[in-house]
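To keep things clear, I will list the structure first and then write my remarks on it.
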Amino acid sequence: MAVESQTGEGGSVDADDRRLEALDPQPLLTRDYEMRPSLVYERLRQRHGAVAPVDLLGVPAWLVLGYKESLEVLQDDDGWPKGLENWRARSEGRVPADWPLGPSLEVNHVLIQGGAGYKPLRTAWDTALRPFQDPRHAQAKRLRAAVTACADDLITLVGQAGGTGLADLSAQFSRPLPLMAASHLLGFPGSQGDDALMDMWRVLDAGPDAEPALERLLAALADLAAQKLRTPGDDFPSYLLAAHPGLTLDELARELFMLLGMTSDHVGILISNTVVEVLSGEGSIRASLSAGMVRETMNRVVMRKPPLVNFVPRFAAKDTPLGNYTIRAGDPVWVSSAAAHADPVFAGHAATNTTVSTRAHLSWGAGRRQCPARELASTVAAVGVGRLFERFTDLELALPVDQLPWRSSPFMRGLRSLPVRYTLAPTPEPSTTEPAETDLAGEASTEPGAAGSVARDRSARQRSSLWRYLTGLIRTGR
């Protein structure tokens, strides 16, 4: 008996013709997607329903648009496993060798890996991150102290152009802050993390230089891994090696690659998106920030503008109905958190139930494979946003919100620049402890080594190529 696959237009196709490629998937990453992705999602939803065939830079894939269907995929690791070994078209040689997304997907780290190796690796990740994510732990306090000091230094540097003026908060704050936090986490000597993080951005943007950037980045991370193997420290690579001694240097480099991606681009976009929503958004967002609830504000922001718009692919373990289609075994399935949040079923519920809505977003995934660094990333972003709105007595967008320049990649969506007019409060003494906002978790750090560590980090930072670049932005008036 022929198996049928229903389309959003009410038709059906025979089993022999229900191949993804036979559905003539249309390119997703178009000019419309760059400018207004919500319109693209809506057109796909109107035509196909909760799941749509799309073309990703020459490779066909399924895009999950529905919230319910997204949860179904994210929470069922057996039915929708990760791991490129499950991709039928790739195993059959039908994925081009120069596919632009290949470099970022072929780094087999914890967010991409499938199979038996995943569970011990994820356990090691949870163990290695715990000191940085548990607010009671000394390392978490040191991290918050370092991020606060970095944020204050960046804001003070902006103020060198004058107590009032114009600034690009993306280039001068949102992007460099998580870079500095990542260097602290990874234990990069001096300023060696600068070039690595810039290459990380090139890989995530999936541009023509993604492949050479990935090669340089992995080489730098392998060098760092070798240093930590010889001389362990109080940093994430050393903790991960201790929790998973069987990791090779190449495997450790891939895991550090994943951490860099999560704590650089994702956090930077989250900070910028939060600033935009606070300055241009509805009253409830401003009110939540004014009440000191930075985490609540960020939850509301990611409902509307999640930094990670499409997750790395999963694959159907067998022919499986999803939405109006039957997904063939081995087909790639990309869950779109941005489209799922815009699903009328979910969006309507969120509008009428704010208590539930702020906790139900998919920005960090769902199920057992939620992002292991979500608390870490949220903390860095919350500290950054908190310091901005404490140090600046006035901030306003320098462009109408509909004219802000956005950049979209297959994974992320953020601002190319965030021009603002500002008025800066008088410069405080340099911070050596975390801020005192009670909603951001906690007391100030009293660890004996915290102040010295922050001072050393600041000294190295001000000699770095990144700091020279940021100083150059001030001198040129950009």
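In the structure tokens, the first chain shown is A, the next is B, and so on; residue numbers restart at 1 for each chain, and ligands run from 1 in the order shown.
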
### Task
Apply DSSP to the structure's backbone, then extract all residues of stretch 59-94 of chain A labelled alpha helix (DSSP H) and return them as JSON, numbers by chain.
{"A": [67, 68, 69, 70, 71, 72, 73, 74, 88, 89, 90, 91]}

Please produce a file of those selected residues containing N, CA, C and O atoms, as a tab-separated table (two decimals), in the first residue's frame.
chain	number	residue	atom	x	y	z
A	67	TYR	N	5.84	25.03	17.36
A	67	TYR	CA	6.36	24.88	18.73
A	67	TYR	C	6.19	23.45	19.22
A	67	TYR	O	7.13	22.85	19.75
A	68	LYS	N	5.01	22.89	19.04
A	68	LYS	CA	4.76	21.52	19.50
A	68	LYS	C	5.67	20.53	18.80
A	68	LYS	O	6.26	19.64	19.41
A	69	GLU	N	5.82	20.69	17.50
A	69	GLU	CA	6.68	19.80	16.72
A	69	GLU	C	8.16	19.98	17.09
A	69	GLU	O	8.92	19.01	17.10
A	70	SER	N	8.54	21.21	17.42
A	70	SER	CA	9.92	21.45	17.86
A	70	SER	C	10.20	20.71	19.16
A	70	SER	O	11.25	20.06	19.30
A	71	LEU	N	9.28	20.79	20.10
A	71	LEU	CA	9.45	20.05	21.35
A	71	LEU	C	9.52	18.55	21.10
A	71	LEU	O	10.31	17.83	21.72
A	72	GLU	N	8.69	18.08	20.19
A	72	GLU	CA	8.68	16.65	19.87
A	72	GLU	C	10.05	16.18	19.38
A	72	GLU	O	10.54	15.13	19.81
A	73	VAL	N	10.68	16.97	18.55
A	73	VAL	CA	12.00	16.60	18.03
A	73	VAL	C	13.07	16.75	19.11
A	73	VAL	O	13.89	15.86	19.33
A	74	LEU	N	13.06	17.88	19.83
A	74	LEU	CA	14.12	18.16	20.80
A	74	LEU	C	14.09	17.21	21.98
A	74	LEU	O	15.14	16.93	22.58
A	88	ARG	N	21.67	10.54	5.77
A	88	ARG	CA	21.70	9.64	4.61
A	88	ARG	C	22.37	10.30	3.40
A	88	ARG	O	23.21	9.70	2.73
A	89	ALA	N	22.01	11.54	3.08
A	89	ALA	CA	22.57	12.20	1.90
A	89	ALA	C	24.09	12.36	2.03
A	89	ALA	O	24.82	12.22	1.04
A	90	ARG	N	24.57	12.61	3.22
A	90	ARG	CA	26.01	12.75	3.42
A	90	ARG	C	26.72	11.41	3.23
A	90	ARG	O	27.77	11.35	2.58
A	91	SER	N	26.14	10.34	3.76
A	91	SER	CA	26.77	9.03	3.61
A	91	SER	C	26.75	8.57	2.15
A	91	SER	O	27.60	7.77	1.74

### Query
atom CA of A:Lys305 to atom CA of A:Arg175: how many Å, to one decimal?
17.0 Å

### Message
Please determine, counting only C-alpha atoms, which residue among A:Ala171, A:Arg45, A:Leu388, A:Leu185 has the shortest atom-to-atom distance to A:Ser238.
### Response
A:Leu185

#### Entry: 10 Å contact set for A:Val312, only C-alpha atoms, chain neighbours under 2 positions out, as a PyMOL selection string
chain A and resi 82-83+104-105+111-112+308+310+314+332-336+410-411

### Message
Measuring between only C-alpha atoms, which one of A:Asp78, A:Ala151, A:Ala210, A:Pro53 shows the shortest distance to A:Trp99?
### Response
A:Ala210

#### Entry: stretch 417-423 of chain A environment, 8 Å, only C-alpha atoms, sequence neighbours closer than 3 positions dropped, as a ChimeraX atom specification
/A:163-171,272,392-399,404-406

Would you write out those residues with C-alpha atoms, as a CSV table (one decimal), in the first residue's frame?
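Result written to out.csv:
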chain,number,residue,atom,x,y,z
A,163,GLY,CA,30.6,61.9,29.0
A,164,THR,CA,28.0,62.1,26.3
A,165,GLY,CA,28.2,61.0,22.7
A,166,LEU,CA,27.7,58.3,20.2
A,167,ALA,CA,28.9,54.7,20.5
A,168,ASP,CA,28.4,51.3,18.8
A,169,LEU,CA,27.5,49.1,21.7
A,170,SER,CA,27.9,46.0,19.5
A,171,ALA,CA,31.5,46.6,18.5
A,272,SER,CA,22.5,43.6,22.1
A,392,PHE,CA,24.8,54.9,31.6
A,393,THR,CA,22.3,57.4,33.0
A,394,ASP,CA,20.7,57.7,29.6
A,395,LEU,CA,20.7,55.5,26.5
A,396,GLU,CA,18.7,55.9,23.3
A,397,LEU,CA,18.9,54.3,19.9
A,398,ALA,CA,20.7,56.5,17.3
A,399,LEU,CA,18.7,54.9,14.5
A,404,LEU,CA,19.1,48.8,12.6
A,405,PRO,CA,21.4,46.6,10.5
A,406,TRP,CA,20.9,42.9,11.2

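With only C-alpha atoms taken into account, the protein and nucleic acid residues at most 12 Å from A:Gly246 (excluding it and anything under 2 positions from it in its own chain) are Gly117, Pro120, Leu121, Ala124, Leu229, Leu240, Leu241, Ala242, Ala243, His244, Thr248, Leu249, Asp250, Glu251 and Leu252 of chain A.
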
Let's have the selection written as a compact mmCIF listing (two decimals), in the first residue's frame, with C-alpha atoms.
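Output contents, as saved in part.txt:
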# COMPACT_ATOMS: atom_id res chain seq x y z
CA GLY A 117 30.21 8.62 23.24
CA PRO A 120 30.16 10.28 29.17
CA LEU A 121 31.14 13.47 27.35
CA ALA A 124 32.17 15.46 31.94
CA LEU A 229 47.64 18.84 29.82
CA LEU A 240 37.20 18.84 31.51
CA LEU A 241 40.42 16.83 31.16
CA ALA A 242 40.15 15.79 34.81
CA ALA A 243 36.52 14.70 34.33
CA HIS A 244 37.22 12.88 31.04
CA THR A 248 42.66 13.38 23.07
CA LEU A 249 44.03 16.85 22.43
CA ASP A 250 42.05 17.06 19.19
CA GLU A 251 38.86 16.04 21.01
CA LEU A 252 39.48 18.59 23.74

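In terms of minimum interatomic distance to A:Pro372, A:Val110 ranks closest within A:Leu470, A:Met412, A:Val110, A:Ala146, counting only C-alpha atoms.
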
Would you mind listing what lies within 7 Å of A:Leu186 as a short mmCIF file (atom, residue, chain, number, x, y, z; two decimals) with N, CA and C atoms, in the first residue's frame, with only C-alpha atoms counted and same-chain residues fewer than 2 positions away left out?
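Contents of the output file out_7.cif:
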data_model
loop_
_atom_site.label_atom_id
_atom_site.label_comp_id
_atom_site.auth_asym_id
_atom_site.auth_seq_id
_atom_site.Cartn_x
_atom_site.Cartn_y
_atom_site.Cartn_z
N ALA A 182 35.27 34.45 27.81
CA ALA A 182 35.73 33.16 27.31
C ALA A 182 37.22 32.97 27.56
N SER A 183 38.01 34.03 27.39
CA SER A 183 39.44 33.92 27.65
C SER A 183 39.69 33.59 29.12
N HIS A 184 38.89 34.16 30.01
CA HIS A 184 39.00 33.84 31.44
C HIS A 184 38.66 32.37 31.69
N PHE A 188 43.37 31.23 28.71
CA PHE A 188 44.34 31.64 27.69
C PHE A 188 45.43 32.49 28.35
N ASP A 235 40.67 26.22 35.40
CA ASP A 235 39.97 26.69 34.21
C ASP A 235 39.20 25.52 33.60
N PHE A 236 38.34 25.85 32.65
CA PHE A 236 37.47 24.83 32.07
C PHE A 236 38.24 23.72 31.36
N PRO A 237 39.25 23.99 30.52
CA PRO A 237 39.94 22.87 29.87
C PRO A 237 40.54 21.89 30.87
#

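Closest approach to A:Pro100 among A:Ala161, A:His137, A:Leu143, A:Asp209 is made by A:Asp209 (distances from only C-alpha atoms).
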
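Going from atom CA of A:Leu260 to atom CA of A:Val203 covers 11.1 Å.
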
### Task
Have a look at A:Ser408, A:Gln172, A:Thr127, A:Asn108 and name the one nearest to A:Gly268; count only C-alpha atoms.
A:Gln172

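If you measure from each of A:Leu23, A:Leu221, A:Val147, A:Leu289 to A:Pro178 using only C-alpha atoms, the closest one turns out to be A:Val147.
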